[in-house]
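One structure below.
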Amino acid sequence: MDLMESGTHSFIIKIWLEETVEEAGRASWRGYITNVSSGERRYLQDLDDVVAYLALYLERMGVKLGIRWQMRQRLKRRRVAWKEPT
């Protein structure tokens with residue numbers, strides 16, 4: 001394995017449209033992300049879950065995510081907490 005490959009991580013992402021805007025009032029995407037080297041698979045309820053999974057994966061590797069990423073995540077959590085139940 002060459003030096004570049006030792007720092008490479010591969011994932012397979014499969015997504016599909018479960019409900020369209022016409023059916024549900026908004027598009028509902030589902031899918032999964034598979035870590036090629038470990039075979040670990042995580043199912044996705046939303047396209048944002050792809051980014052969240054990869055960020056968590058990187059943090060577990062010791063990668064420090066930038067302040068912009070941290071602020072974005074905090075704001076997103078607040079929006080979810082403030083969302084009115086439907």
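Each chain in the structure tokens gets a letter, A, B, ..., in the order shown, and its residues are numbered from 1; ligands are numbered from 1 in order too.
Proximity to range 56-71 of chain A at 12 Å, evaluated using only C-alpha atoms and with sequence-adjacent residues fewer than 4 positions away removed, yields Gly7, Thr8, His9, Ser10, Phe11, Ile33, Thr34, Asn35, Glu40, Arg42, Asp49, Val50, Val51, Ala52, Leu75, Lys76, Arg77 and Arg78 of chain A.
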Residues from last step as file, C-alpha atoms, as an mmCIF file, in the first residue's frame:
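selection_18.cif written:
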```
data_model
loop_
_atom_site.group_PDB
_atom_site.id
_atom_site.type_symbol
_atom_site.label_atom_id
_atom_site.label_comp_id
_atom_site.auth_asym_id
_atom_site.auth_seq_id
_atom_site.Cartn_x
_atom_site.Cartn_y
_atom_site.Cartn_z
ATOM 1 C CA GLY A 7 -4.713 7.782 4.622
ATOM 2 C CA THR A 8 -7.620 6.986 2.325
ATOM 3 C CA HIS A 9 -11.042 5.969 3.607
ATOM 4 C CA SER A 10 -13.731 4.745 1.229
ATOM 5 C CA PHE A 11 -17.490 4.754 1.637
ATOM 6 C CA ILE A 33 -23.610 4.621 3.973
ATOM 7 C CA THR A 34 -21.182 1.705 4.130
ATOM 8 C CA ASN A 35 -17.579 1.925 5.299
ATOM 9 C CA GLU A 40 -20.128 -1.084 8.879
ATOM 10 C CA ARG A 42 -25.518 3.083 8.822
ATOM 11 C CA ASP A 49 -27.213 12.273 7.896
ATOM 12 C CA VAL A 50 -24.436 11.633 5.346
ATOM 13 C CA VAL A 51 -22.513 14.705 6.474
ATOM 14 C CA ALA A 52 -23.237 14.013 10.148
ATOM 15 C CA LEU A 75 -27.606 26.012 14.980
ATOM 16 C CA LYS A 76 -29.046 22.893 13.412
ATOM 17 C CA ARG A 77 -29.611 21.283 16.832
ATOM 18 C CA ARG A 78 -31.399 24.433 18.009
#
```
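Take CA of Thr20 in chain A and CA of Ala55 in chain A: the distance between them is 27.7 Å.
Going from CA of Tyr43 in chain A to CA of Trp16 in chain A covers 11.7 Å.
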Check the DSSP output for the backbone and give back, as a PDB file with C-alpha atoms, in the first residue's frame, the residues of range 22-67 of chain A in alpha helix (DSSP H).
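Okay, states-v4.pdb is ready:
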```
ATOM      1  CA  GLU A  22     -46.327  15.682  -4.521  1.00  0.00           C
ATOM      2  CA  GLU A  23     -46.901  12.636  -2.277  1.00  0.00           C
ATOM      3  CA  ALA A  24     -45.782  13.955   1.106  1.00  0.00           C
ATOM      4  CA  ASP A  48     -27.945  15.607   6.186  1.00  0.00           C
ATOM      5  CA  ASP A  49     -27.213  12.273   7.896  1.00  0.00           C
ATOM      6  CA  VAL A  50     -24.436  11.633   5.346  1.00  0.00           C
ATOM      7  CA  VAL A  51     -22.513  14.705   6.474  1.00  0.00           C
ATOM      8  CA  ALA A  52     -23.237  14.013  10.148  1.00  0.00           C
ATOM      9  CA  TYR A  53     -21.928  10.441   9.845  1.00  0.00           C
ATOM     10  CA  LEU A  54     -18.737  11.505   8.069  1.00  0.00           C
ATOM     11  CA  ALA A  55     -18.112  14.296  10.606  1.00  0.00           C
ATOM     12  CA  LEU A  56     -18.495  11.851  13.501  1.00  0.00           C
ATOM     13  CA  TYR A  57     -16.191   9.382  11.728  1.00  0.00           C
ATOM     14  CA  LEU A  58     -13.542  12.077  11.288  1.00  0.00           C
ATOM     15  CA  GLU A  59     -13.851  13.240  14.904  1.00  0.00           C
ATOM     16  CA  ARG A  60     -13.335   9.660  16.099  1.00  0.00           C
ATOM     17  CA  ILE A  67     -15.376  26.471  13.959  1.00  0.00           C
TER      18      ILE A  67
END
```
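When the distance limit is 8 Å and only C-alpha atoms are what count, the residues near Ala27 in chain A, minus those fewer than 4 positions from it on the same chain, are A:Leu17, A:Glu18, A:Glu19, A:Thr20, A:Val21.
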Dump of N, CA, C and O atoms for the selected residues, as a short mmCIF file (atom, residue, chain, number, x, y, z; two decimals), in the first residue's frame:
```cif
data_model
loop_
_atom_site.label_atom_id
_atom_site.label_comp_id
_atom_site.auth_asym_id
_atom_site.auth_seq_id
_atom_site.Cartn_x
_atom_site.Cartn_y
_atom_site.Cartn_z
N LEU A 17 -35.21 8.16 -3.32
CA LEU A 17 -36.33 9.04 -2.99
C LEU A 17 -37.50 8.16 -2.57
O LEU A 17 -38.02 7.38 -3.36
N GLU A 18 -37.88 8.28 -1.30
CA GLU A 18 -38.96 7.44 -0.79
C GLU A 18 -40.33 8.06 -1.06
O GLU A 18 -41.26 7.37 -1.42
N GLU A 19 -40.44 9.37 -0.86
CA GLU A 19 -41.69 10.07 -1.15
C GLU A 19 -41.34 11.37 -1.86
O GLU A 19 -40.39 12.05 -1.51
N THR A 20 -42.13 11.72 -2.83
CA THR A 20 -41.89 12.95 -3.57
C THR A 20 -42.62 14.11 -2.90
O THR A 20 -43.46 13.91 -2.00
N VAL A 21 -42.35 15.30 -3.35
CA VAL A 21 -43.03 16.49 -2.85
C VAL A 21 -44.53 16.36 -3.07
O VAL A 21 -45.33 16.69 -2.20
#
```
The distance between CA of Arg26 in chain A and CA of Ile13 in chain A is 21.7 Å
Using only C-alpha atoms, the residue out of A:Arg30, A:Gly25, A:Asp46, A:Gly39 with shortest distance to Ile12 in chain A is A:Gly39
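Those residues of range 35-86 of chain A that DSSP, working from the backbone, places in strand (DSSP E) are Asn35, Arg41, Arg42, Tyr43 and Leu44 of chain A.
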How about saving the chosen residues, N, CA, C and O atoms kept, as a PDB file, in the first residue's frame?
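Ended up saving to again02.pdb:
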```
ATOM      1  N   ASN A  35     -19.028   1.778   5.215  1.00  0.00           N
ATOM      2  CA  ASN A  35     -17.579   1.925   5.299  1.00  0.00           C
ATOM      3  C   ASN A  35     -16.980   0.711   4.607  1.00  0.00           C
ATOM      4  O   ASN A  35     -17.185  -0.422   5.038  1.00  0.00           O
ATOM      5  N   ARG A  41     -22.395  -0.479   8.260  1.00  0.00           N
ATOM      6  CA  ARG A  41     -23.432   0.205   7.486  1.00  0.00           C
ATOM      7  C   ARG A  41     -24.335   0.985   8.432  1.00  0.00           C
ATOM      8  O   ARG A  41     -24.766   0.469   9.455  1.00  0.00           O
ATOM      9  N   ARG A  42     -24.599   2.230   8.066  1.00  0.00           N
ATOM     10  CA  ARG A  42     -25.518   3.083   8.822  1.00  0.00           C
ATOM     11  C   ARG A  42     -26.640   3.517   7.892  1.00  0.00           C
ATOM     12  O   ARG A  42     -26.393   3.955   6.780  1.00  0.00           O
ATOM     13  N   TYR A  43     -27.858   3.408   8.367  1.00  0.00           N
ATOM     14  CA  TYR A  43     -29.007   3.805   7.570  1.00  0.00           C
ATOM     15  C   TYR A  43     -29.290   5.284   7.770  1.00  0.00           C
ATOM     16  O   TYR A  43     -29.069   5.828   8.842  1.00  0.00           O
ATOM     17  N   LEU A  44     -29.773   5.943   6.709  1.00  0.00           N
ATOM     18  CA  LEU A  44     -29.976   7.375   6.687  1.00  0.00           C
ATOM     19  C   LEU A  44     -31.458   7.703   6.606  1.00  0.00           C
ATOM     20  O   LEU A  44     -32.182   7.093   5.824  1.00  0.00           O
TER      21      LEU A  44
END
```
